[in-house]
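All remarks here apply to the structure that follows.
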Amino acid sequence: MDLDIAPADEAFRAEARGWLAAHVPAVPLPSLETAEGFAAHREWERRLAADRWSVVSWPREHGGRDASLLQWLLFEEEYYAAGAPGRVGQNGIHLLAPTLFEHGTDEQRARILGPMARGEVVWAQAWSEPESGSDLASLRSTAVRTAGGWLLNGQKTWSSRAAFADRAFGLFRSDPDAARPHQGLSYLMFPLDAPGVTVRPLGRLDGKPAFAEVFLDDAFVPDADLIGAPGQGWQVAMSTAGNERGLTLRSPGRFTAAAGRLAALWRETGGTAGTALGERVADALIGARAYQLFGYAQVSRLAAGGAVGTESSLTKVFWSELDLALHETALDLLGPYGTLADDADEAPAHGSWADGYTFALAGPIYAGTNEIQRDLIAERLLGLPKGRR
Amino acid sequence: MRFLLTAEQREFVRSLDGMLTASGTPAVARAWAAGEQKPGRELWARLAATGVCALAVPERYGGSGLLPVELALAFVELGRHAVPGPLAETVAAAAFLERLGEDAPAEAWLPRIAAGEAVVSLCAGGPYALDADAADAVFVIESDTVRRTDTHGPVQSSLDPARRPARPLGGGVLAEGPAVTAAAAHAVEVARLVTAAQCLGLGRALLAATVSHVKQRTQFQVAIGSFQAVKHRLANTLIGLEFAQPLVYAAALAVAAGAPSAGREVAAAKVAAGEAGCAAARTALQLHGALGYTDEPDLSLWIRKARPLRDAWGTPADCRARVLTG
C-alpha cells in the first residue's frame with residue numbers, strides 16, 4: 001500500500017500546473033448561469049481544448065491525452081487549486097461521454113465527442129419531468145417511431161444548463177406497453193433549437209437561469225441519435241449513473257481547493273483553534289482529505305481490475321454534505337459580508353462563497369437525492385430488505 | 001500509487017481476525033473488567049505469537065518494526081474484537097523507548113515487549129495510566145522527564161469497565177532533556193494512530209452487529225431494517241466509517257515515512273475514526289432499542305468502549321486544533 005506519485009504522473013501534474021498558471025484568467029469569469037458568463041465559459045472550454053486539457057482522460061483521437069484516472073484526479077486537483085473556471089461542458093463530458101464510450105457507435109463518437117470537448121456543442125441533461133423526480137422510471141415523455149427516426153413529445157424540467165445549451169440527452173418512453181416502468185425507455189439526444197422544442201429558462205433559488213423546462217411537441221430525432229437499442233434506455237443510463245454520483249462529477253480536487261481557501265479565510269479572519277468555527281474549518285479540511293484519499297483508493301481499485309458500483313452513492317452523500325458544510329462555515333466566518341449576493345459590489349472573493357453556497361444547496365438534491373442514495377447504500381451495500389421509499 | 005492493502009496485508013488481517021474470533025474475546029474483556037488478568041495475558045501471548053507485538057519494536061531488539069501500517073491494521077482487528085488491555089500504551093511505550101536512544105531501558109524492555117512477555121502502560125500528559133495494575137511497568141512522561149514506576153493509586157472505574165485507569169505514583173527518573181520530549185511526541189503520535197485504528201474496527205463491529213439485528217428483528221410484521229429511518233441511520237454510519245478508513249491508512253503511511261505532515265494526518269484520522277466509531281455506537285444502541293441498553297448482551301462491551309476510545313490519546317478538540325496548525 002502506498003500513496004506515491006510516480007515520476008510520469010508528477011511530470012503530468014507539473015505540466016498541468018504550468019499550463020494553468022499561464023492561462024487561468026486573473027479575474028473570475030462572469031457567472032456561468034448568465035448568457036454573458038455562459039459565452040465566456042464556452043470560450044474557456046475552447047482554450048482548454050486547444051492544448052488538450054479539456055478532456056485529459058479521453059483517447060487522443062477524441063482530443064484527450066489518454067490520461068489514467070489517477071492523472072485525471074491530479075489534473076482536477078491542480079485545476080481547482082489554480083482557481084480555474086467552472087466547466088460549462090461538464091454534463092456532456094462527465095455524463096453523456098461515458099455513455100457514448102460504453103454504448104455509442106463509432107459514428108456517434110466521431111460526430112459528437114470532438115465538438116463536445118471543444119465547447120462548440122454544450123450539452124444539457126433532460127431526465128426529470130414535473131411528475132418524475134426521484135422516481136425517474138415513471139417518466140411520461142414519449143418517443144414514437146416515424147420514418148428514419150423518432151418523434152418526441154412531453155415535458156422535461158429542472159434541466160441543468162438547458163437555458164443556454166445547444167443539445168440535450170434524456171430518456172423517453174418508446175414502448176408504452178412494456179411490462180415494467182423501467183422497460184420500454186429509450187435514450188435519445190436532441191437539439192434544443194429544433195422545430196417542436198421550446199425552452200423556457202427557470203430561475204434557480206437565486207434567480208439565475210441555471211436550468212430550464214423543455215417542451216417537446218413532435219420534435220424529430222433521427223435514428224442516429226438513439227444510444228443503445230430501443231427500449232434499453234434505462235440500462236444504458238444506469239450503467240453510467242455512477243459517473244454522475246461519484247468521482248467524476250465532483251472530483252476531490254474541488255474540495256481540497258475549497259477547504260484550503262476556507263482555512264486561509266479562517267486565518268485572515270483571525271482564526272483561533274478551539275472555537276466552534278475553528279472546529280468546523282478543521283472538519284472541512286479533514287473531510288476534503290478523506291474524500292481525496294477515498295478517490296485514490298477508488299482509482300487504485302479500478303486499476304487493479306475492480307469496478308465502481310454502489311459505492312458512488314457513498315461518495316455522493318459525502319461530497320454534497322461536505323460542500324454545504326464548507327460553504328456554511330465560510331459564510332459564518334464572513335459575518336455581515338457572508339450573505340452579500342455574488343453580484344454585490346462588496347461581496348468578498350468576487351462573491352464566490354455566496355455563489356458556492358447557493359450551488360451547494362442543490363448538491364443533496366441533484367444526481368439522485370441523498371435520501372435515495374441512503375436507500376441504495378442500505379439495500380445494496382448493507383443488504384437490508386427493500387421497503388417503501 | 002496503489003492505495004490498497006497488499007495480498008500479504010489482507011492475509012495478515014484475515015488470520016488475526018480468525019484467531020481473535022476463536023479466542024472468545026467478550027469473555028476475556030469481562031474478566032479483565034473484573035480485574036482477572038489471566039485470560040487477557042494468555043490472549044496477549046497469542047497476539048505476540050502472530051507477530052503483533054513485534055510490529056512496534058525494531059529488529060535489533062527482536063522485533064520487526066516499527067511498521068505503522070501493519071500496526072494500524074492489527075489495531076483495527078483489536079478494536080473489532082474489543083480486546084482489553086493497554087495495547088496502544090504498550091505499542092507507544094515501545095516507540096518511545098526506541099526513539100529515546102537510551103540503551104539500558106531499550107534493552108530491558110523492548111525484547112520483552114516484542115515477545116509479548118511485558119505488558120506496559122504509558123502516562124503522557126494526563127493524570128492516569130491505563131491498566132496500571134495489570135502492567136509490568138508504567139512509564140510516566142512529564143515535560144522533559146521520564147520515570148518508570150510499578151506503583152499506582154487506586155484503580156478508577158470508567159465508562160468502559162475494561163479500561164482501568166490509575167494514577168502512577170513515584171518511580172525513578174530514567175532520562176531527562178529534549179530527547180525525552182521528542183520521543184514523547186513520537187509516542188503520542190503512534191498511540192493516537194493505533195487508537196484511531198481501534199475506533200475504526202470497533203465501529204465496523206458495531207455496524208455489522210446492528211445490520212444483522214435489524215434484518216431479523218420484526219415489528220409491525222416486517223423486519224425493522226426495511227424502514228427508511230433505520231436504513232438511513234445505518235447508511236450514515238457506513239459513510240462515516242468508509243471515509244475514516246483511508247484517513248487511518250494514510251496516517252499510518254505518513255508515520256512510516258516520517259513525513260512532516262504525519263502529526264496532522266494522524267490527528268485527522270483520529271477525529272474521523274473516533275467520531276465514526278462513536279456514531280456507530282449510538283446507532284447500535286438506538287437500533288437495538290432497550291436490548292442495546294442492557295449490560296448482559298456482549299454488544300454492551302463494544303458500545304461502552306466507543307466513547308472512552310474516542311477521547312483517548314487526543315480528544316477530538318485537541319486533534320482538530322492539531323489539524324489547523326497546518
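Residues in the C-alpha cells are numbered from 1 in each chain, the chains being A, B, ... in the order shown, and ligands are numbered from 1 in the order shown.
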
Exercise for the section: Give as a ChimeraX atom specification every residue of chain A that touches chain B within 7 Å, counting only C-alpha atoms. Expected result: /A:1-6,273-274,279,282,286,290-291,293-294,296-297,300,314,374-375,377-378,382,384-387

Handout entry: Residues within 8 Å of Ala205 in chain B, only C-alpha atoms, excluding chain neighbours under 5 positions, as a list of chain:residue names
Key = B:Arg80, B:His81, B:Trp302

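Residues in contact with Leu159 in chain B at up to 12 Å, not including ones fewer than 5 positions away on its chain and judged by only C-alpha atoms, are Ala33, Arg164, Pro165, Ser300, Leu301, Trp302, Ile303, Arg304, Lys305, Ala306, Arg307, Pro308, Leu309 and Asp311 of chain B.
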
Exercise for the section: Please identify all polymer residues within 7 Å of Leu206 in chain B, counting only C-alpha atoms, omitting same-chain residues fewer than 6 positions from it, and present them as an MDAnalysis selection string. Expected result: chainID B and resid 280:281 284 302

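Relative to CA of Leu43 in chain B, CA of Ala106 in chain B is found at 24.2 Å.
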
Practice task
List every residue of range 245-382 of chain A that DSSP, applied to the backbone of this structure, assigns to alpha helix (DSSP H), and report them as a PyMOL selection string.
Solution key: chain A and resi 245+252-268+276-303+311-334+352-362+370-376

Handout entry: Shell of 10 Å around range 61-65 of chain B, only C-alpha atoms, local chain residues under 6 positions omitted, as a VMD selection string
Key = chain B and resid 51 to 55 71 95 98 106 to 115 256

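The closest residue to Glu275 in chain B, picked from A:Asp51, A:Glu33, A:Asp283, A:Glu268 and counting only C-alpha atoms, is A:Asp283.
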
Handout entry: Which of range 95-337 of chain A DSSP labels strand (DSSP E or B), written as a PyMOL selection string
Key = chain A and resi 123-126+129+132+142-146+149-160+167-173+185-191+197-202+211-222+226-227+232

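Within the 12 Å cut-off around Trp266 in chain A, using only C-alpha atoms and omitting residues fewer than 6 positions from it on the same chain, the listed residues are Ala259, Gly260, Thr272, Ala273, Thr275, Ala276, Leu277, Gly278, Glu279, Arg280, Val281, Ala282, Ala284, Leu285, Leu326, Thr329, Ala330, Leu331, Asp332, Leu333, Leu334 and Gly335 of chain A; Leu324 and Thr325 of chain B.
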
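CA of Arg173 in chain A lies 4.5 Å from CA of Thr142 in chain A.
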
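Distances from B:Ala184, B:Ala88, B:Val155, B:Leu122 to Gln198 in chain B were compared using only C-alpha atoms, and the smallest one belongs to B:Ala88.
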
Handout entry: Ala341 in chain A surroundings by only C-alpha atoms, 10 Å radius, close-in-sequence under 6 positions cut, as a count of residues only
Key = 10

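Reported to one decimal place, the separation of CA of Glu213 in chain A from CA of Pro201 in chain A is 6.2 Å.
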